[in-house]
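K.L.:
First the structure, then my questions, so here it is.
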Amino acid sequence: MTTPSTASWEAAPEPRSAIAIEASGLVKAFGETTAVDRVDLAVAPGMIYGLLGPNGAGKTTIIRVLATLLRPDAGTVRVFGHDVVTEADAVRGRVALTGQYASVDEDLTGQENLVLLARLLGLPWRQARMRAGELLAAFGLAEAAGRLVNTYSGGMRRRLDIAASIVVTPHLMFLDEPTTGLDPRSRNQVWELIRTLAAGGTTVLLTTQYLEEADQLADRIAVIDHGHLIAEGTPGQLKASVGTGALQVRLRDPHLRVQAQRVLSQALEVAVQPASDPATLSARVSDPQQVALALTELSRAGVAVTTFALGQPSLDEVFLALTGRPADDHATSKENAA
Amino acid sequence: MTTTSTTPALDAPLGAALAARARPPRPSALAASLTFAWRALLKLKHVPEQLIDVIGLPIIFTLGFTYLFGGALAGSTRAYLQFLLPGSLAMTVVLVTTYSGVTLNSDLTKGVFDRFRSLPIWRPAPIVGALLGDVGRYLLAATIVIALGLVLGYRPDGGVVGVVAAVGLVLGFAFGLSWVWTTLGLVLRAPSAVNNLSLLVLFPLTLASNIFVDPQTMPGWLQAFIDVNPVSHLVTAARGLMAGTATTGQVGWVLAASAALTAIFAPLTTHLYRNR
């Protein structure tokens with residue numbers, strides 16, 4: 001990223017605290033339901049932090065507390081050292097929220113949305129219009145600038161939403177399920193945007209239902225289930241706890257399946273199961289290196305393979321490994337065949 | 001798995017657009033409110049059908065009541081118009097205030113309000129701004145009533161000053177009254193409920209008033225209600241201003257009522273909004 005030398009540009013100011021988000025014992029209940037139960041979080045500045053969990057796990061509630069939209073019932077929550085309750089305005093001056101359902105005004109045009117935000121952030125009219133134009137062009141929305149947002153596609157809406165969050169560079173950006181409902185191309189664009197933002201120094205807290213997304217983006221992941229934080233660590237640590245994923249091998253000749261099963265289980269040193277498809281075998285593996293060797297062994301033994309896939313564990317498998325039961329919301333498991 | 005590293009929409013300009021920049025000083029309460037008023041006007045610009053009540057009501061009321069009742073109540077439509085017009089002005093504007101609560105109620109369910117609430121701006125700005133935008137609607141309704149009245153033969157003895165003062169007074173009262181509906185808009189759970197309840201309150205206030213006839217022929221209990229009905233006081237003061245005969249007491253009563261409505265319901269609205 002290039003940094004223009006114009007006077008109006010400057011690096012993000014040094015935050016007061018060395019920790020971007022600091023939550024301890026965070027509790028939030030709605031009536032009888034405890035949406036968030038004694039959650040502790042520590043997020044270092046500049047990192048992408050993922051909150052991973054199924055629908056209704058409490059991810060959105062955590063974000064709403066952090067963004068000062070909800071008061072916690074118990075615990076302390078600080079954003080760059082500022083308490084979200086007693087210093088809410090200081091927090092608001094440092095964060096930007098991109099909600100689960102696009103946080104843009106459907107009844108205005110894309111251009112009007114960005115000018116509105118720029119004005120509310122304190123830019124004079126002329127600069128507000130310039131900034132809006134610059135963002136629309138950068139986000140590939142220049143042609144749609146004059147159209148009402150309710151005519152935008154899901155991907156365009158998301159991009160506008162993110163553009164609205166960076167009219168003024170936030171220290172911390174919340175993204176609540178940024179890619180839910182997007183097609184793969186739009187999803188990749190949003191991922192790329194998030195990486196670019198983080199590379200520029202903005203701390204990003206995102207929620208997702210997809211392990212793949214957390215793995216792709218996040219430096220650290222917290223797994224949330226029923227309001228509890230059930231695991232925390234780097235994607236590598238998290239995946240190590242469940243194994244790399246599922247290997248699926250499809251043979252050209254189904255008759256060789258028994259032989260192939262023997263070769264694979266020797267090479268992989270794990271149990272290999274026949275799948276319902278008579279030509280397919282599957283196995284849970286922890287080391288992708290071994291997969292390559294095992295496939296070589298197969299071809300050495302004269303067994304031809306038509307396709308093979310090494311899928312990452314799904315959110316369901318993560319939950320199974322962490323809690324001994326699958327995630328409650330089954331809308332969540334997306335298989336990620338490479 | 002490899003990630004697509006370049007996509008058409010994300011390239012060089014993006015780096016520049018994402019480059020960190022200084023945060024300008026936060027806007028004043030007034031600047032933030034006016035920005036939200038601009039938002040309200042933009043919505044009217046994009047969907048002008050929303051103005052149908054503001055354009056339709058004043059025409060229907062003024063034409064309808066003048067020609068329906070004029071001959072019977074005052075001997076001629078022209079004479080009745082002279083009596084009715086300030087009341088028609090007040091009634092029209094008071095009835096279109098319900099929209100403010102309905103808009104707020106449906107606005108609050110939208111994701112964009114979460115964004116507004118996470119901005120470091122004066123808290124009530126979204127609501128104050130929306131009401132300022134609504135005052136624009138009220139002004140349009142008032143202008144239509146006055147223009148139509150003048151065409152039909154209404155002649156204000158108070159002159160331009162009297163008419164402008166009367167319109168100002170009606171708008172001020174409508175602004176105060178709007179806070180009642182924004183409070184309802186935050187308490188009730190559906191826009192239609194807000195609309196129904198506010199009309200339920202407004203019909204008796206506008207019908208049981210001195211808008212259409214002099215209350216002297218009415219039963220005592222009704223006269224007692226009309227005497228304390230703020231809409232009656234508004235109509236009396238507007239009539240006085242447009243005829244050039246208003247007293248300080250008449251105008252003062254309405255200003256005090258508007259201030260009282262604002263003083264009670266604006267903080268209540270703000271409190272409810274903060275704690276949502």
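Following the order of the structure tokens, chains are lettered A, B, ..., residues in each are numbered from 1, and ligands are numbered from 1.
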Could you please write out, as JSON, numbers by chain, every residue of region 194-243 of chain B that DSSP assigns to helix (DSSP H, G or I)?
P.N.:
{"B": [194, 195, 196, 197, 198, 199, 200, 201, 202, 203, 204, 205, 206, 207, 215, 216, 217, 220, 221, 222, 223, 224, 225, 226, 227, 228, 230, 231, 232, 233, 234, 235, 236, 237, 238, 239, 240, 241, 242, 243]}
K.L.:
I need the chosen residues saved as a CSV table (one decimal), in the first residue's frame, with N, CA and C atoms.
P.N.:
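The result, stored in out_19.csv:
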chain,number,residue,atom,x,y,z
B,194,VAL,N,-48.4,2.4,16.0
B,194,VAL,CA,-48.1,3.8,16.3
B,194,VAL,C,-49.1,4.6,15.5
B,195,ASN,N,-49.3,4.3,14.2
B,195,ASN,CA,-50.2,5.1,13.4
B,195,ASN,C,-51.7,5.1,14.0
B,196,ASN,N,-52.1,3.9,14.3
B,196,ASN,CA,-53.5,3.7,14.8
B,196,ASN,C,-53.7,4.5,16.1
B,197,LEU,N,-52.8,4.3,17.0
B,197,LEU,CA,-52.9,4.9,18.3
B,197,LEU,C,-52.9,6.5,18.2
B,198,SER,N,-52.0,7.0,17.4
B,198,SER,CA,-51.9,8.4,17.3
B,198,SER,C,-53.1,9.0,16.6
B,199,LEU,N,-53.7,8.3,15.7
B,199,LEU,CA,-54.9,8.8,15.1
B,199,LEU,C,-56.1,8.8,16.1
B,200,LEU,N,-56.1,7.7,16.9
B,200,LEU,CA,-57.1,7.6,17.9
B,200,LEU,C,-57.1,8.7,18.9
B,201,VAL,N,-55.9,9.2,19.2
B,201,VAL,CA,-55.7,10.4,20.1
B,201,VAL,C,-56.1,11.7,19.3
B,202,LEU,N,-55.7,11.7,18.1
B,202,LEU,CA,-55.9,13.0,17.3
B,202,LEU,C,-57.3,13.3,16.9
B,203,PHE,N,-58.1,12.2,16.6
B,203,PHE,CA,-59.5,12.5,16.1
B,203,PHE,C,-60.3,13.3,17.1
B,204,PRO,N,-60.4,12.8,18.4
B,204,PRO,CA,-61.1,13.6,19.4
B,204,PRO,C,-60.5,15.0,19.5
B,205,LEU,N,-59.2,15.1,19.5
B,205,LEU,CA,-58.6,16.4,19.7
B,205,LEU,C,-59.0,17.4,18.6
B,206,THR,N,-59.0,16.9,17.4
B,206,THR,CA,-59.3,17.8,16.3
B,206,THR,C,-60.9,18.0,16.1
B,207,LEU,N,-61.6,16.9,16.3
B,207,LEU,CA,-63.1,17.1,16.1
B,207,LEU,C,-63.7,17.9,17.3
B,215,PRO,N,-68.0,26.8,19.7
B,215,PRO,CA,-68.5,25.8,20.6
B,215,PRO,C,-69.7,26.3,21.5
B,216,GLN,N,-70.2,27.6,21.3
B,216,GLN,CA,-71.2,28.1,22.2
B,216,GLN,C,-72.5,27.3,22.2
B,217,THR,N,-72.8,26.6,21.1
B,217,THR,CA,-74.1,25.8,21.0
B,217,THR,C,-73.9,24.4,21.5
B,220,GLY,N,-72.4,21.7,27.9
B,220,GLY,CA,-71.4,22.3,28.8
B,220,GLY,C,-70.2,21.4,28.9
B,221,TRP,N,-70.4,20.0,29.1
B,221,TRP,CA,-69.3,19.1,29.3
B,221,TRP,C,-68.3,19.2,28.1
B,222,LEU,N,-68.9,19.3,26.9
B,222,LEU,CA,-68.1,19.4,25.7
B,222,LEU,C,-67.3,20.7,25.6
B,223,GLN,N,-68.0,21.8,26.0
B,223,GLN,CA,-67.3,23.1,26.1
B,223,GLN,C,-66.2,23.0,27.0
B,224,ALA,N,-66.4,22.3,28.2
B,224,ALA,CA,-65.3,22.2,29.1
B,224,ALA,C,-64.1,21.5,28.5
B,225,PHE,N,-64.3,20.4,27.8
B,225,PHE,CA,-63.2,19.7,27.1
B,225,PHE,C,-62.5,20.7,26.1
B,226,ILE,N,-63.4,21.3,25.3
B,226,ILE,CA,-62.8,22.2,24.3
B,226,ILE,C,-61.9,23.3,24.9
B,227,ASP,N,-62.4,23.8,26.1
B,227,ASP,CA,-61.6,24.8,26.7
B,227,ASP,C,-60.2,24.4,27.1
B,228,VAL,N,-60.0,23.1,27.4
B,228,VAL,CA,-58.7,22.6,27.8
B,228,VAL,C,-57.9,21.9,26.6
B,230,PRO,N,-55.7,21.5,23.7
B,230,PRO,CA,-54.7,22.3,23.2
B,230,PRO,C,-54.9,22.7,21.7
B,231,VAL,N,-55.6,21.8,21.0
B,231,VAL,CA,-55.8,22.1,19.6
B,231,VAL,C,-56.7,23.4,19.5
B,232,SER,N,-57.7,23.5,20.4
B,232,SER,CA,-58.6,24.7,20.3
B,232,SER,C,-57.8,25.9,20.6
B,233,HIS,N,-56.9,25.9,21.5
B,233,HIS,CA,-56.1,27.0,21.8
B,233,HIS,C,-55.2,27.4,20.6
B,234,LEU,N,-54.7,26.3,20.0
B,234,LEU,CA,-53.9,26.6,18.8
B,234,LEU,C,-54.7,27.3,17.7
B,235,VAL,N,-55.9,26.8,17.5
B,235,VAL,CA,-56.8,27.4,16.5
B,235,VAL,C,-57.2,28.8,16.8
B,236,THR,N,-57.5,29.0,18.1
B,236,THR,CA,-57.8,30.4,18.5
B,236,THR,C,-56.7,31.4,18.2
B,237,ALA,N,-55.5,30.9,18.6
B,237,ALA,CA,-54.3,31.8,18.4
B,237,ALA,C,-54.0,32.0,16.9
B,238,ALA,N,-54.1,30.9,16.1
B,238,ALA,CA,-53.8,31.0,14.7
B,238,ALA,C,-54.9,32.0,14.0
B,239,ARG,N,-56.1,31.8,14.4
B,239,ARG,CA,-57.2,32.7,13.9
B,239,ARG,C,-56.9,34.1,14.3
B,240,GLY,N,-56.5,34.3,15.5
B,240,GLY,CA,-56.2,35.7,16.0
B,240,GLY,C,-55.1,36.3,15.2
B,241,LEU,N,-54.0,35.5,15.0
B,241,LEU,CA,-52.8,36.0,14.3
B,241,LEU,C,-53.2,36.4,12.8
B,242,MET,N,-54.0,35.5,12.2
B,242,MET,CA,-54.3,35.7,10.8
B,242,MET,C,-55.3,36.9,10.6
B,243,ALA,N,-56.1,37.1,11.7
B,243,ALA,CA,-57.0,38.2,11.6
B,243,ALA,C,-56.4,39.5,12.2
K.L.:
With a cut-off of 8 Å and counting only C-alpha atoms, select all residues of chain A in contact with chain B and give the selection as JSON, numbers by chain.
P.N.:
{"A": [1, 2, 3, 4, 8, 9, 10, 11, 12, 67, 68, 69, 70, 89, 90, 92, 93, 95, 96, 97, 98, 99, 100, 101, 102, 103, 104, 105, 107, 108, 116, 119, 120, 121, 122, 123, 134, 135, 137, 138, 139, 140, 166, 168, 169, 188, 189, 192, 193, 196, 197, 200, 338]}
K.L.:
Next, dump the selected residues to file, keeping only C-alpha atoms, as a short mmCIF file (atom, residue, chain, number, x, y, z; two decimals), in the first residue's frame.
P.N.:
data_model
loop_
_atom_site.label_atom_id
_atom_site.label_comp_id
_atom_site.auth_asym_id
_atom_site.auth_seq_id
_atom_site.Cartn_x
_atom_site.Cartn_y
_atom_site.Cartn_z
CA MET A 1 0.00 0.00 0.00
CA THR A 2 1.35 3.39 -0.91
CA THR A 3 1.09 6.30 1.44
CA PRO A 4 0.52 9.60 -0.35
CA SER A 8 -4.34 15.44 5.19
CA TRP A 9 -3.06 11.89 5.35
CA GLU A 10 -1.48 10.53 8.44
CA ALA A 11 -0.85 7.25 10.17
CA ALA A 12 -3.42 6.02 12.66
CA ALA A 67 -19.87 -1.39 19.85
CA THR A 68 -21.69 0.25 22.82
CA LEU A 69 -25.14 -0.74 21.51
CA LEU A 70 -25.85 -2.95 24.53
CA ASP A 89 -18.19 8.09 23.41
CA ALA A 90 -14.44 7.49 23.44
CA ARG A 92 -17.47 5.16 19.52
CA GLY A 93 -14.73 7.47 18.29
CA VAL A 95 -14.74 1.79 16.22
CA ALA A 96 -16.83 1.15 13.13
CA LEU A 97 -19.65 -1.34 12.92
CA THR A 98 -20.68 -3.40 9.94
CA GLY A 99 -23.74 -5.25 11.14
CA GLN A 100 -25.07 -8.63 10.18
CA TYR A 101 -27.73 -7.12 7.94
CA ALA A 102 -26.17 -4.37 5.91
CA SER A 103 -25.81 -1.25 8.06
CA VAL A 104 -26.54 1.09 5.18
CA ASP A 105 -29.67 3.03 4.36
CA ASP A 107 -33.72 4.09 0.78
CA LEU A 108 -30.75 6.26 -0.15
CA LEU A 116 -24.23 10.99 5.18
CA ARG A 119 -20.94 14.33 7.46
CA LEU A 120 -21.78 12.52 10.68
CA LEU A 121 -18.08 11.84 11.21
CA GLY A 122 -17.40 15.56 10.93
CA LEU A 123 -16.25 16.11 7.34
CA GLU A 134 -13.09 8.18 -3.81
CA LEU A 135 -14.52 5.24 -1.85
CA ALA A 137 -14.49 4.32 -7.15
CA ALA A 138 -12.13 2.22 -5.03
CA PHE A 139 -14.88 -0.28 -4.16
CA GLY A 140 -16.07 -0.68 -7.76
CA ILE A 166 -13.83 3.29 6.65
CA VAL A 168 -12.68 7.67 8.56
CA THR A 169 -10.18 4.94 9.37
CA ASN A 188 -13.24 -13.41 -1.97
CA GLN A 189 -13.50 -9.67 -2.58
CA GLU A 192 -9.35 -9.34 0.33
CA LEU A 193 -10.77 -6.07 1.68
CA THR A 196 -6.05 -4.97 3.23
CA LEU A 197 -7.70 -3.17 6.14
CA GLY A 200 -3.18 -0.94 7.18
CA ALA A 338 -10.55 -27.59 -2.29
#
K.L.:
As a PDB file with C-alpha atoms, in the first residue's frame, please: the residues near region 92-102 of chain B (cut-off 9 Å, only C-alpha atoms, same-chain neighbours under 5 positions excluded).
P.N.:
ATOM      1  CA  ASP B  53     -51.082  12.828   2.742  1.00  0.00           C
ATOM      2  CA  VAL B  54     -49.380  16.185   3.044  1.00  0.00           C
ATOM      3  CA  LEU B  57     -55.311  16.219   3.311  1.00  0.00           C
ATOM      4  CA  PRO B  58     -55.162  20.015   3.126  1.00  0.00           C
ATOM      5  CA  PHE B  61     -60.250  19.286   4.303  1.00  0.00           C
ATOM      6  CA  GLY B  87     -58.607  25.757  11.777  1.00  0.00           C
ATOM      7  CA  ASP B 107     -36.354   3.132  11.073  1.00  0.00           C
ATOM      8  CA  ALA B 130     -35.941  13.433  11.449  1.00  0.00           C
ATOM      9  CA  LEU B 131     -38.319  15.852  13.160  1.00  0.00           C
ATOM     10  CA  ASP B 134     -40.818  16.513   9.198  1.00  0.00           C
ATOM     11  CA  VAL B 135     -41.191  20.236   9.836  1.00  0.00           C
ATOM     12  CA  ARG B 137     -43.426  18.342   5.444  1.00  0.00           C
ATOM     13  CA  TYR B 138     -45.586  20.386   7.792  1.00  0.00           C
ATOM     14  CA  LEU B 139     -44.531  23.555   6.024  1.00  0.00           C
ATOM     15  CA  ALA B 141     -49.009  21.137   4.091  1.00  0.00           C
ATOM     16  CA  ALA B 142     -49.416  24.621   5.597  1.00  0.00           C
ATOM     17  CA  VAL B 145     -53.808  25.206   2.864  1.00  0.00           C
ATOM     18  CA  VAL B 170     -48.672  25.822  14.084  1.00  0.00           C
ATOM     19  CA  LEU B 171     -45.300  24.363  13.062  1.00  0.00           C
ATOM     20  CA  PHE B 173     -46.861  23.185  18.115  1.00  0.00           C
ATOM     21  CA  ALA B 174     -46.555  20.335  15.602  1.00  0.00           C
ATOM     22  CA  PHE B 175     -42.860  19.963  16.473  1.00  0.00           C
ATOM     23  CA  LEU B 177     -46.557  17.216  19.433  1.00  0.00           C
ATOM     24  CA  SER B 178     -44.266  15.076  17.247  1.00  0.00           C
ATOM     25  CA  TRP B 179     -42.246  14.171  20.347  1.00  0.00           C
ATOM     26  CA  VAL B 180     -45.348  12.445  21.717  1.00  0.00           C
ATOM     27  CA  TRP B 181     -45.445  10.231  18.636  1.00  0.00           C
ATOM     28  CA  THR B 182     -41.706   9.508  18.707  1.00  0.00           C
ATOM     29  CA  THR B 183     -42.185   8.370  22.312  1.00  0.00           C
ATOM     30  CA  LEU B 184     -44.980   6.077  21.140  1.00  0.00           C
ATOM     31  CA  GLY B 185     -42.776   5.003  18.250  1.00  0.00           C
ATOM     32  CA  LEU B 186     -40.185   3.748  20.747  1.00  0.00           C
ATOM     33  CA  ALA B 190     -45.193  -2.040  15.064  1.00  0.00           C
ATOM     34  CA  PRO B 191     -45.458   1.030  12.830  1.00  0.00           C
ATOM     35  CA  SER B 192     -49.152   0.344  12.242  1.00  0.00           C
ATOM     36  CA  ALA B 193     -49.798   0.364  16.004  1.00  0.00           C
ATOM     37  CA  VAL B 194     -48.113   3.766  16.254  1.00  0.00           C
ATOM     38  CA  ASN B 195     -50.226   5.088  13.412  1.00  0.00           C
ATOM     39  CA  SER B 198     -51.864   8.427  17.300  1.00  0.00           C
ATOM     40  CA  LEU B 199     -54.925   8.832  15.066  1.00  0.00           C
ATOM     41  CA  LEU B 202     -55.889  13.003  17.338  1.00  0.00           C
ATOM     42  CA  PHE B 203     -59.451  12.500  16.122  1.00  0.00           C
ATOM     43  CA  THR B 206     -59.347  17.820  16.279  1.00  0.00           C
ATOM     44  CA  VAL B 231     -55.814  22.130  19.571  1.00  0.00           C
TER      45      VAL B 231
END
